[in-house]
>>> print(open('upload24.csv').read())   # CSV, C-alpha atoms and all ligand atoms
chain,number,residue,atom,x,y,z
A,1,MET,CA,-6.4,-20.8,12.8
A,2,SER,CA,-6.5,-18.1,15.5
A,3,ARG,CA,-8.8,-15.2,14.6
A,4,GLN,CA,-6.6,-12.8,16.5
A,5,THR,CA,-4.3,-12.1,13.6
A,6,VAL,CA,-4.5,-10.0,10.5
A,7,ARG,CA,-4.0,-11.7,7.2
A,8,GLY,CA,-1.3,-9.5,5.7
A,9,LEU,CA,-1.4,-6.2,3.9
A,10,HIS,CA,-4.7,-5.1,2.4
A,11,HIS,CA,-3.4,-1.9,0.9
A,12,VAL,CA,-0.7,0.7,1.4
A,13,THR,CA,-1.4,4.4,1.0
A,14,ALA,CA,1.2,7.0,0.2
A,15,ILE,CA,1.4,10.7,-0.6
A,16,ALA,CA,2.3,11.7,-4.2
A,17,GLY,CA,3.0,14.8,-6.2
A,18,PRO,CA,1.0,15.7,-9.3
A,19,ALA,CA,-1.6,13.1,-10.1
A,20,GLN,CA,-0.8,12.7,-13.8
A,21,GLU,CA,2.9,11.9,-13.0
A,22,ASN,CA,1.7,9.4,-10.4
A,23,LEU,CA,-0.6,7.7,-13.0
A,24,ASP,CA,2.1,7.7,-15.7
A,25,PHE,CA,4.5,5.9,-13.3
A,26,TYR,CA,2.3,3.3,-11.6
A,27,ALA,CA,0.1,2.5,-14.6
A,28,GLY,CA,2.5,3.4,-17.5
A,29,ILE,CA,5.8,2.1,-16.2
A,30,LEU,CA,5.0,-0.4,-13.4
A,31,GLY,CA,2.0,-1.6,-15.4
A,32,MET,CA,-0.4,-1.8,-12.6
A,33,ARG,CA,-4.1,-1.2,-13.2
A,34,LEU,CA,-5.8,1.9,-12.1
A,35,VAL,CA,-8.8,0.2,-10.5
A,36,LYS,CA,-10.4,3.1,-8.8
A,37,LYS,CA,-10.3,6.9,-9.4
A,38,SER,CA,-11.9,8.5,-6.4
A,39,VAL,CA,-11.3,11.4,-4.0
A,40,ASN,CA,-9.9,11.5,-0.5
A,41,GLN,CA,-13.0,11.2,1.6
A,42,ASP,CA,-11.6,13.6,4.2
A,43,ASP,CA,-10.4,16.1,1.6
A,44,PRO,CA,-12.6,15.6,-1.5
A,45,GLY,CA,-10.7,18.2,-3.6
A,46,THR,CA,-7.9,15.7,-3.8
A,47,TYR,CA,-7.8,12.5,-5.8
A,48,HIS,CA,-7.5,9.1,-4.2
A,49,LEU,CA,-6.0,6.8,-6.9
A,50,PHE,CA,-5.9,3.0,-6.4
A,51,TYR,CA,-3.5,0.7,-8.4
A,52,ALA,CA,-3.8,-3.0,-8.2
A,53,ASP,CA,-4.1,-6.2,-10.2
A,54,ALA,CA,-6.8,-6.5,-12.8
A,55,GLU,CA,-9.4,-7.6,-10.3
A,56,GLY,CA,-8.4,-5.3,-7.5
A,57,HIS,CA,-7.8,-8.2,-5.1
A,58,PRO,CA,-7.1,-7.2,-1.5
A,59,GLY,CA,-3.4,-7.4,-1.0
A,60,THR,CA,-2.5,-6.0,-4.4
A,61,ASP,CA,-3.5,-2.5,-3.8
A,62,LEU,CA,-1.2,0.6,-3.6
A,63,THR,CA,-3.1,3.9,-3.3
A,64,PHE,CA,-2.1,7.6,-3.4
A,65,PHE,CA,-3.2,11.0,-2.3
A,66,PRO,CA,-1.6,13.3,-4.8
A,67,TRP,CA,-1.0,16.4,-2.6
A,68,SER,CA,1.5,18.3,-4.8
A,69,GLU,CA,1.3,21.4,-2.6
A,70,ILE,CA,2.9,20.0,0.5
A,71,ALA,CA,6.5,19.7,1.4
A,72,PRO,CA,8.6,16.6,0.8
A,73,SER,CA,8.5,14.0,3.6
A,74,ARG,CA,11.0,14.1,6.4
A,75,GLU,CA,12.4,10.6,7.0
A,76,GLY,CA,12.6,9.4,10.6
A,77,TRP,CA,11.0,7.2,13.2
A,78,GLY,CA,7.3,6.7,13.4
A,79,LEU,CA,6.9,6.3,9.7
A,80,SER,CA,6.9,3.4,7.2
A,81,SER,CA,9.8,4.2,5.0
A,82,GLU,CA,9.4,1.8,2.0
A,83,VAL,CA,6.7,-0.4,0.4
A,84,SER,CA,7.8,-3.5,-1.4
A,85,LEU,CA,5.9,-5.1,-4.3
A,86,ALA,CA,6.1,-8.8,-5.2
A,87,VAL,CA,7.2,-9.7,-8.7
A,88,PRO,CA,7.6,-13.2,-10.1
A,89,PRO,CA,10.9,-15.1,-9.5
A,90,GLY,CA,13.4,-14.4,-12.3
A,91,SER,CA,11.8,-11.1,-13.4
A,92,LEU,CA,14.2,-8.6,-12.0
A,93,GLY,CA,16.3,-8.6,-15.1
A,94,TYR,CA,13.3,-7.5,-17.1
A,95,TRP,CA,12.4,-4.9,-14.5
A,96,SER,CA,15.9,-3.5,-14.3
A,97,GLY,CA,16.0,-2.9,-18.0
A,98,ARG,CA,12.5,-1.5,-18.2
A,99,LEU,CA,13.1,0.9,-15.4
A,100,GLN,CA,16.5,2.1,-16.6
A,101,ARG,CA,15.1,2.8,-20.1
A,102,ASN,CA,12.5,5.0,-18.4
A,103,GLY,CA,15.0,6.9,-16.4
A,104,VAL,CA,13.8,5.6,-13.0
A,105,GLN,CA,16.2,6.2,-10.1
A,106,LEU,CA,17.4,2.7,-9.1
A,107,SER,CA,19.6,1.5,-6.3
A,108,GLU,CA,21.9,-1.5,-6.4
A,109,PRO,CA,20.1,-4.8,-6.3
A,110,GLU,CA,20.2,-6.5,-2.8
A,111,VAL,CA,19.5,-9.8,-1.2
A,112,ARG,CA,17.2,-9.4,1.8
A,113,PHE,CA,16.2,-12.5,3.8
A,114,GLY,CA,17.1,-14.7,0.9
A,115,GLU,CA,15.1,-12.7,-1.7
A,116,HIS,CA,16.3,-10.7,-4.6
A,117,VAL,CA,15.3,-7.0,-4.3
A,118,LEU,CA,15.5,-4.0,-6.6
A,119,PRO,CA,15.1,-0.8,-4.6
A,120,LEU,CA,14.0,2.3,-6.5
A,121,ARG,CA,12.4,5.8,-6.0
A,122,ASP,CA,9.1,6.8,-7.6
A,123,PRO,CA,9.0,10.3,-9.3
A,124,HIS,CA,8.0,11.9,-6.0
A,125,GLY,CA,10.6,10.3,-3.8
A,126,LEU,CA,8.7,7.3,-2.4
A,127,ARG,CA,10.9,4.3,-1.7
A,128,VAL,CA,9.6,1.3,-3.5
A,129,ALA,CA,11.3,-2.1,-3.7
A,130,LEU,CA,10.5,-4.9,-6.2
A,131,VAL,CA,11.0,-8.3,-4.6
A,132,GLU,CA,11.2,-11.6,-6.4
A,133,SER,CA,8.9,-13.7,-4.3
A,134,ASP,CA,7.9,-17.4,-4.6
A,135,GLU,CA,5.0,-16.7,-2.3
A,136,SER,CA,3.5,-14.3,-4.9
A,137,LEU,CA,2.8,-17.2,-7.3
A,138,GLY,CA,0.3,-18.9,-5.0
A,139,ARG,CA,-1.9,-15.9,-4.3
A,140,SER,CA,-5.1,-14.6,-5.9
A,141,PHE,CA,-3.9,-12.6,-8.9
A,142,GLY,CA,-5.6,-11.4,-12.0
A,143,PRO,CA,-3.2,-10.3,-14.8
A,144,TRP,CA,-4.2,-7.1,-16.6
A,145,SER,CA,-4.4,-7.7,-20.3
A,146,ASP,CA,-4.1,-4.0,-21.2
A,147,SER,CA,-0.9,-3.5,-19.1
A,148,PRO,CA,2.2,-2.5,-21.0
A,149,VAL,CA,4.0,-5.1,-18.9
A,150,PRO,CA,3.7,-8.8,-20.0
A,151,ALA,CA,1.6,-10.9,-17.7
A,152,GLU,CA,4.5,-13.1,-16.7
A,153,HIS,CA,6.4,-10.1,-15.3
A,154,GLN,CA,3.6,-8.1,-13.8
A,155,VAL,CA,3.6,-6.9,-10.2
A,156,ARG,CA,1.7,-9.5,-8.2
A,157,GLY,CA,0.8,-7.4,-5.3
A,158,LEU,CA,2.2,-6.1,-2.0
A,159,HIS,CA,5.1,-7.9,-0.4
A,160,GLY,CA,5.7,-5.9,2.7
A,161,ALA,CA,6.9,-2.6,4.2
A,162,ARG,CA,9.7,-1.2,6.2
A,163,LEU,CA,9.1,0.6,9.5
A,164,VAL,CA,11.5,3.0,11.3
A,165,GLU,CA,11.1,2.9,15.1
A,166,ARG,CA,12.6,4.8,18.0
A,167,ASP,CA,12.0,1.9,20.4
A,168,LEU,CA,11.9,-1.5,18.6
A,169,VAL,CA,10.5,-3.8,21.3
A,170,THR,CA,7.5,-1.6,22.0
A,171,THR,CA,6.3,-2.1,18.5
A,172,THR,CA,7.4,-5.7,18.0
A,173,GLY,CA,5.6,-6.6,21.3
A,174,PHE,CA,2.5,-5.0,19.9
A,175,LEU,CA,2.8,-6.8,16.5
A,176,THR,CA,3.2,-10.2,18.1
A,177,ASN,CA,0.8,-9.9,21.0
A,178,ALA,CA,-2.1,-8.0,19.4
A,179,MET,CA,-1.8,-8.6,15.7
A,180,GLY,CA,-0.5,-12.1,15.2
A,181,PHE,CA,3.0,-11.5,13.9
A,182,ARG,CA,6.0,-13.7,14.6
A,183,HIS,CA,9.7,-12.9,14.4
A,184,ALA,CA,11.1,-14.4,11.2
A,185,GLY,CA,14.7,-13.2,11.3
A,186,THR,CA,17.2,-10.4,11.8
A,187,GLU,CA,19.7,-9.2,9.2
A,188,ASN,CA,21.8,-6.1,8.8
A,189,GLY,CA,19.9,-4.3,11.6
A,190,TRP,CA,16.5,-5.1,10.1
A,191,HIS,CA,14.1,-7.3,12.1
A,192,ARG,CA,11.5,-9.2,10.0
A,193,TYR,CA,8.1,-10.0,11.4
A,194,THR,CA,5.7,-12.0,9.4
A,195,VAL,CA,2.0,-12.7,9.5
A,196,GLY,CA,-0.2,-15.2,7.7
A,197,GLU,CA,0.7,-18.4,5.9
A,198,HIS,CA,2.5,-18.3,2.5
A,199,THR,CA,0.8,-15.1,1.5
A,200,SER,CA,2.7,-12.1,0.3
A,201,GLY,CA,2.0,-8.8,1.9
A,202,GLY,CA,2.8,-10.5,5.2
A,203,HIS,CA,6.1,-8.9,6.0
A,204,VAL,CA,7.2,-5.9,8.0
A,205,ASP,CA,10.9,-5.2,8.4
A,206,LEU,CA,11.7,-2.9,11.3
A,207,ILE,CA,14.9,-0.9,12.2
A,208,GLU,CA,15.5,0.9,15.5
A,209,ALA,CA,16.7,4.5,15.0
A,210,PRO,CA,16.6,6.1,18.4
A,211,LEU,CA,18.8,9.1,17.3
A,212,ALA,CA,16.8,9.9,14.2
A,213,ASN,CA,14.2,12.7,14.0
A,214,ARG,CA,10.5,12.1,14.3
A,215,GLY,CA,9.5,11.4,10.7
A,216,ALA,CA,6.9,13.6,9.1
A,217,TRP,CA,4.4,13.1,6.3
A,218,GLY,CA,5.0,14.8,3.0
A,219,THR,CA,5.4,14.1,-0.7
A,220,GLY,CA,7.0,10.7,-1.1
A,221,SER,CA,6.0,9.3,2.3
A,222,ILE,CA,3.8,6.4,3.2
A,223,HIS,CA,0.7,7.6,4.9
A,224,HIS,CA,-0.6,4.3,6.4
A,225,LEU,CA,-0.5,0.5,6.2
A,226,ALA,CA,-3.8,-1.3,6.0
A,227,TRP,CA,-4.1,-4.9,7.2
A,228,ARG,CA,-6.6,-7.4,6.0
A,229,VAL,CA,-9.4,-8.7,8.1
A,230,ASP,CA,-12.0,-11.2,6.8
A,231,ASP,CA,-15.2,-9.5,7.6
A,232,ASP,CA,-16.9,-7.1,10.1
A,233,ALA,CA,-16.8,-9.7,12.9
A,234,HIS,CA,-13.1,-10.3,12.5
A,235,GLU,CA,-12.5,-6.6,12.4
A,236,ALA,CA,-14.4,-6.1,15.7
A,237,GLU,CA,-12.2,-8.9,17.2
A,238,MET,CA,-9.0,-7.2,16.0
A,239,ARG,CA,-10.2,-3.8,17.1
A,240,ALA,CA,-10.7,-5.2,20.6
A,241,ALA,CA,-7.3,-6.9,20.5
A,242,VAL,CA,-5.4,-3.7,19.6
A,243,THR,CA,-7.4,-1.7,22.2
A,244,ALA,CA,-6.4,-4.2,24.9
A,245,ALA,CA,-2.8,-3.7,23.9
A,246,GLY,CA,-3.1,0.0,24.4
A,247,ALA,CA,-4.0,1.4,21.0
A,248,GLN,CA,-6.8,3.9,20.5
A,249,PRO,CA,-8.7,2.9,17.4
A,250,THR,CA,-11.3,4.9,15.6
A,251,PRO,CA,-14.8,3.6,15.3
A,252,VAL,CA,-15.5,1.6,12.1
A,253,ILE,CA,-15.6,3.9,9.1
A,254,ASP,CA,-17.5,2.9,6.0
A,255,ARG,CA,-15.0,3.4,3.1
A,256,PHE,CA,-17.6,1.9,0.7
A,257,TRP,CA,-15.2,-0.6,-0.9
A,258,PHE,CA,-14.2,-1.8,2.6
A,259,HIS,CA,-14.8,-1.0,6.3
A,260,SER,CA,-11.9,0.6,8.1
A,261,VAL,CA,-10.6,1.2,11.6
A,262,TYR,CA,-7.5,3.4,12.1
A,263,PHE,CA,-5.0,3.4,15.0
A,264,ARG,CA,-1.4,4.2,15.6
A,265,GLU,CA,0.9,1.4,16.6
A,266,PRO,CA,3.0,2.3,19.8
A,267,GLY,CA,5.8,3.8,17.7
A,268,GLY,CA,3.5,6.2,15.9
A,269,VAL,CA,3.0,4.6,12.5
A,270,LEU,CA,-0.6,4.8,11.3
A,271,PHE,CA,-2.2,1.4,10.8
A,272,GLU,CA,-5.7,0.5,9.4
A,273,LEU,CA,-7.8,-2.6,9.6
A,274,ALA,CA,-9.7,-3.1,6.3
A,275,THR,CA,-12.2,-5.8,5.4
A,276,ASP,CA,-11.8,-7.9,2.3
A,277,GLY,CA,-15.2,-7.0,1.1
A,278,PRO,CA,-17.3,-5.6,-0.5
A,279,GLY,CA,-14.5,-4.8,-2.9
A,280,PHE,CA,-13.9,-2.5,-5.9
A,281,GLY,CA,-16.5,-4.2,-8.1
A,282,VAL,CA,-19.4,-3.0,-5.8
A,283,ASP,CA,-19.9,0.2,-7.8
A,284,GLU,CA,-18.3,-0.3,-11.2
A,285,ASP,CA,-18.3,-3.0,-13.9
A,286,ARG,CA,-15.1,-5.0,-13.5
A,287,ALA,CA,-14.2,-4.4,-17.2
A,288,ARG,CA,-14.3,-0.6,-16.7
A,289,LEU,CA,-12.7,-0.2,-13.3
A,290,GLY,CA,-11.0,3.2,-12.8
A,291,GLU,CA,-12.3,4.8,-16.0
A,292,LYS,CA,-14.6,7.4,-14.4
A,293,LEU,CA,-14.5,9.4,-11.2
A,294,VAL,CA,-16.3,7.3,-8.5
A,295,LEU,CA,-17.7,9.0,-5.5
A,296,PRO,CA,-19.2,7.4,-2.4
A,297,PRO,CA,-22.9,8.0,-2.3
A,298,TRP,CA,-22.7,10.8,0.3
A,299,LEU,CA,-20.4,12.9,-1.9
A,300,GLU,CA,-22.4,12.3,-5.1
A,301,PRO,CA,-24.5,15.5,-4.6
A,302,ASN,CA,-21.3,17.5,-4.8
A,303,ARG,CA,-19.9,15.9,-8.0
A,304,GLY,CA,-20.0,19.0,-10.1
A,305,ALA,CA,-18.0,21.1,-7.5
A,306,ILE,CA,-15.5,18.2,-6.9
A,307,GLU,CA,-14.9,17.6,-10.6
A,308,ALA,CA,-14.3,21.3,-11.2
A,309,VAL,CA,-11.3,21.4,-8.8
A,310,LEU,CA,-9.6,18.1,-9.7
A,311,PRO,CA,-6.9,18.2,-12.4
A,312,LYS,CA,-7.9,16.4,-15.6
A,313,LEU,CA,-6.2,13.1,-16.0
A,314,THR,CA,-5.4,11.4,-19.3
A,315,ARG,CA,-4.7,7.7,-19.8
A,316,ALA,CA,-1.2,6.9,-18.7
A,317,ALA,CA,1.5,7.4,-21.3
A,318,VAL,CA,2.6,3.8,-22.0
A,319,ALA,CA,6.3,3.5,-21.7
A,401,ZN,ZN,-6.4,3.0,3.8
>>> encode(input="upload24.csv", output="structure tokens")
Amino acid sequence: MSRQTVRGLHHVTAIAGPAQENLDFYAGILGMRLVKKSVNQDDPGTYHLFYADAEGHPGTDLTFFPWSEIAPSREGWGLSSEVSLAVPPGSLGYWSGRLQRNGVQLSEPEVRFGEHVLPLRDPHGLRVALVESDESLGRSFGPWSDSPVPAEHQVRGLHGARLVERDLVTTTGFLTNAMGFRHAGTENGWHRYTVGEHTSGGHVDLIEAPLANRGAWGTGSIHHLAWRVDDDAHEAEMRAAVTAAGAQPTPVIDRFWFHSVYFREPGGVLFELATDGPGFGVDEDRARLGEKLVLPPWLEPNRGAIEAVLPKLTRAAVA
């Protein structure tokens, strides 16, 4: 297999409102496991909360910066506008009932590219879609035994994301030439590009919106999409490939649980390359992931000051 391709989504990071409400929704209602409670490494007075499967496998991870003091996002081009999560085939009836009982804002179910989809909004306006996906069954997935959601219905991980672009072909050329994507279909104005073989998290659906405003980050927006690379060598190859295609990537940044490179695709959406390792088990016992505030070693000397400004979180209310 060519090395000049990413392997699908590694994680998606979004901006939330108050941290406790974020925890109650993703752990309490969607039943995902809080696998890491840390801080934004560029803004250590803010949490960085990571939700995933029980093992924190790459490709299952949805993360949030709870920045409750900023304005709501402005939708428009240059942003990812929705994240989709894979759920097992036949589970949307369960999910629809569960979400309605909990007062979640749902849209009508849809069929997209042959898959059954339930679109919803999280408590802070983020667009999330649950997608019944066969692909999800073949992936690495560890059910979380303490989840309020039965294992057979649990979120299996990331399925894909939507991008809004001012100029479609500039971005699709970049995705195919530099990152290994291929065109997989067009439907209702959405253009699907897919990467990887039979993995979920391998889909981006793009729409061209030349008359829209430039989108702006705020509460309820997606901050960036991170794409999987195998290891440091693969990351270096992909970094060279996106540079050759005109992107301006950062140097490799040690995020402790993975190694990251950031760049904007030509339409303005922030992308990241992230290595599969070392992973979330590097600094915590797997049985106790997410229970205590974890800081990277260089922030550990400031633990007292950091803990003093973070809001206290209690275990998610189980819905
Ligand atoms: Zn990231």
>>> residues_around(input="upload24.csv", residues="Pro148 (chain A)", least_positions_apart="5", cutoff="9 Å", atoms="all atoms listed in the file", output="list in words")
Ala27, Gly28, Ile29, Leu30, Gly31, Met32, Val318 and Ala319 of chain A
>>> write_last_selection(input="upload24.csv", atoms="C-alpha atoms", output="mmCIF file, in the coordinates of the input")
data_model
loop_
_atom_site.group_PDB
_atom_site.id
_atom_site.type_symbol
_atom_site.label_atom_id
_atom_site.label_comp_id
_atom_site.auth_asym_id
_atom_site.auth_seq_id
_atom_site.Cartn_x
_atom_site.Cartn_y
_atom_site.Cartn_z
ATOM 1 C CA ALA A 27 0.100 2.500 -14.600
ATOM 2 C CA GLY A 28 2.500 3.400 -17.500
ATOM 3 C CA ILE A 29 5.800 2.100 -16.200
ATOM 4 C CA LEU A 30 5.000 -0.400 -13.400
ATOM 5 C CA GLY A 31 2.000 -1.600 -15.400
ATOM 6 C CA MET A 32 -0.400 -1.800 -12.600
ATOM 7 C CA VAL A 318 2.600 3.800 -22.000
ATOM 8 C CA ALA A 319 6.300 3.500 -21.700
#
>>> closest_residue(input="upload24.csv", among="A:Ala226, A:Ala316, A:Val282, A:Leu158", to="Asn22 (chain A)", atoms="all atoms listed in the file")
A:Ala316
>>> residues_near_point(input="upload24.csv", point="(-6.5, 16.6, -3.0)", cutoff="8 Å", atoms="only C-alpha atoms", output="PDB file with C-alpha atoms, in the coordinates of the input")
ATOM      1  CA  VAL A  39     -11.300  11.400  -4.000  1.00  0.00           C
ATOM      2  CA  ASN A  40      -9.900  11.500  -0.500  1.00  0.00           C
ATOM      3  CA  ASP A  43     -10.400  16.100   1.600  1.00  0.00           C
ATOM      4  CA  PRO A  44     -12.600  15.600  -1.500  1.00  0.00           C
ATOM      5  CA  GLY A  45     -10.700  18.200  -3.600  1.00  0.00           C
ATOM      6  CA  THR A  46      -7.900  15.700  -3.800  1.00  0.00           C
ATOM      7  CA  TYR A  47      -7.800  12.500  -5.800  1.00  0.00           C
ATOM      8  CA  HIS A  48      -7.500   9.100  -4.200  1.00  0.00           C
ATOM      9  CA  PHE A  65      -3.200  11.000  -2.300  1.00  0.00           C
ATOM     10  CA  PRO A  66      -1.600  13.300  -4.800  1.00  0.00           C
ATOM     11  CA  TRP A  67      -1.000  16.400  -2.600  1.00  0.00           C
ATOM     12  CA  LEU A 310      -9.600  18.100  -9.700  1.00  0.00           C
TER      13      LEU A 310
END
>>> closest_residue(input="upload24.csv", among="A:Val252, A:Ala209, A:Val294, A:Leu273", to="ligand ZN 401 (chain A)", atoms="only C-alpha atoms and all ligand atoms")
A:Leu273
>>> residues_near_ligand(input="upload24.csv", ligand="ligand ZN 401 (chain A)", cutoff="8 Å", atoms="all atoms listed in the file", output="list in words")
His11, Val12, Thr13, Thr63, His224, Leu225, Ala226, Ser260, Glu272 and Ala274 of chain A
>>> residues_near_point(input="upload24.csv", point="(4.0, -7.3, 0.0)", cutoff="12 Å", atoms="all atoms listed in the file", output="PDB file with C-alpha atoms, in the frame of the given file")
ATOM      1  CA  ARG A   7      -4.000 -11.700   7.200  1.00  0.00           C
ATOM      2  CA  GLY A   8      -1.300  -9.500   5.700  1.00  0.00           C
ATOM      3  CA  LEU A   9      -1.400  -6.200   3.900  1.00  0.00           C
ATOM      4  CA  HIS A  10      -4.700  -5.100   2.400  1.00  0.00           C
ATOM      5  CA  HIS A  11      -3.400  -1.900   0.900  1.00  0.00           C
ATOM      6  CA  VAL A  12      -0.700   0.700   1.400  1.00  0.00           C
ATOM      7  CA  PRO A  58      -7.100  -7.200  -1.500  1.00  0.00           C
ATOM      8  CA  GLY A  59      -3.400  -7.400  -1.000  1.00  0.00           C
ATOM      9  CA  THR A  60      -2.500  -6.000  -4.400  1.00  0.00           C
ATOM     10  CA  ASP A  61      -3.500  -2.500  -3.800  1.00  0.00           C
ATOM     11  CA  LEU A  62      -1.200   0.600  -3.600  1.00  0.00           C
ATOM     12  CA  GLU A  82       9.400   1.800   2.000  1.00  0.00           C
ATOM     13  CA  VAL A  83       6.700  -0.400   0.400  1.00  0.00           C
ATOM     14  CA  SER A  84       7.800  -3.500  -1.400  1.00  0.00           C
ATOM     15  CA  LEU A  85       5.900  -5.100  -4.300  1.00  0.00           C
ATOM     16  CA  ALA A  86       6.100  -8.800  -5.200  1.00  0.00           C
ATOM     17  CA  VAL A  87       7.200  -9.700  -8.700  1.00  0.00           C
ATOM     18  CA  VAL A 128       9.600   1.300  -3.500  1.00  0.00           C
ATOM     19  CA  ALA A 129      11.300  -2.100  -3.700  1.00  0.00           C
ATOM     20  CA  LEU A 130      10.500  -4.900  -6.200  1.00  0.00           C
ATOM     21  CA  VAL A 131      11.000  -8.300  -4.600  1.00  0.00           C
ATOM     22  CA  GLU A 132      11.200 -11.600  -6.400  1.00  0.00           C
ATOM     23  CA  SER A 133       8.900 -13.700  -4.300  1.00  0.00           C
ATOM     24  CA  ASP A 134       7.900 -17.400  -4.600  1.00  0.00           C
ATOM     25  CA  GLU A 135       5.000 -16.700  -2.300  1.00  0.00           C
ATOM     26  CA  SER A 136       3.500 -14.300  -4.900  1.00  0.00           C
ATOM     27  CA  ARG A 139      -1.900 -15.900  -4.300  1.00  0.00           C
ATOM     28  CA  VAL A 155       3.600  -6.900 -10.200  1.00  0.00           C
ATOM     29  CA  ARG A 156       1.700  -9.500  -8.200  1.00  0.00           C
ATOM     30  CA  GLY A 157       0.800  -7.400  -5.300  1.00  0.00           C
ATOM     31  CA  LEU A 158       2.200  -6.100  -2.000  1.00  0.00           C
ATOM     32  CA  HIS A 159       5.100  -7.900  -0.400  1.00  0.00           C
ATOM     33  CA  GLY A 160       5.700  -5.900   2.700  1.00  0.00           C
ATOM     34  CA  ALA A 161       6.900  -2.600   4.200  1.00  0.00           C
ATOM     35  CA  ARG A 162       9.700  -1.200   6.200  1.00  0.00           C
ATOM     36  CA  THR A 194       5.700 -12.000   9.400  1.00  0.00           C
ATOM     37  CA  VAL A 195       2.000 -12.700   9.500  1.00  0.00           C
ATOM     38  CA  GLY A 196      -0.200 -15.200   7.700  1.00  0.00           C
ATOM     39  CA  HIS A 198       2.500 -18.300   2.500  1.00  0.00           C
ATOM     40  CA  THR A 199       0.800 -15.100   1.500  1.00  0.00           C
ATOM     41  CA  SER A 200       2.700 -12.100   0.300  1.00  0.00           C
ATOM     42  CA  GLY A 201       2.000  -8.800   1.900  1.00  0.00           C
ATOM     43  CA  GLY A 202       2.800 -10.500   5.200  1.00  0.00           C
ATOM     44  CA  HIS A 203       6.100  -8.900   6.000  1.00  0.00           C
ATOM     45  CA  VAL A 204       7.200  -5.900   8.000  1.00  0.00           C
ATOM     46  CA  ASP A 205      10.900  -5.200   8.400  1.00  0.00           C
ATOM     47  CA  LEU A 225      -0.500   0.500   6.200  1.00  0.00           C
ATOM     48  CA  ALA A 226      -3.800  -1.300   6.000  1.00  0.00           C
ATOM     49  CA  TRP A 227      -4.100  -4.900   7.200  1.00  0.00           C
TER      50      TRP A 227
END
>>> residues_around(input="upload24.csv", residues="Leu175 (chain A)", least_positions_apart="2", cutoff="10 Å", atoms="only C-alpha atoms", output="VMD selection string")
chain A and resid 5 to 6 169 to 173 177 to 183 193 to 195 204 242 245 265 to 266
>>> closest_residue(input="upload24.csv", among="A:Gln105, A:Thr176, A:Ser91, A:Thr186", to="Pro150 (chain A)", atoms="only C-alpha atoms")
A:Ser91
>>> closest_residue(input="upload24.csv", among="A:His191, A:Lys312, A:Arg112, A:Arg264", to="Lys37 (chain A)", atoms="only C-alpha atoms")
A:Lys312
>>> closest_residue(input="upload24.csv", among="A:Leu295, A:Val104, A:Val117, A:Ala19", to="Pro88 (chain A)", atoms="only C-alpha atoms")
A:Val117
>>> closest_residue(input="upload24.csv", among="A:Arg101, A:Lys292, A:Arg228, A:His223", to="Gly277 (chain A)", atoms="all atoms listed in the file")
A:Arg228
>>> atom_distance(input="upload24.csv", atom1="CA of Asp254 (chain A)", atom2="CA of Arg239 (chain A)")
14.9 Å
>>> atom_distance(input="upload24.csv", atom1="CA of Glu291 (chain A)", atom2="CA of Gln41 (chain A)")
18.7 Å
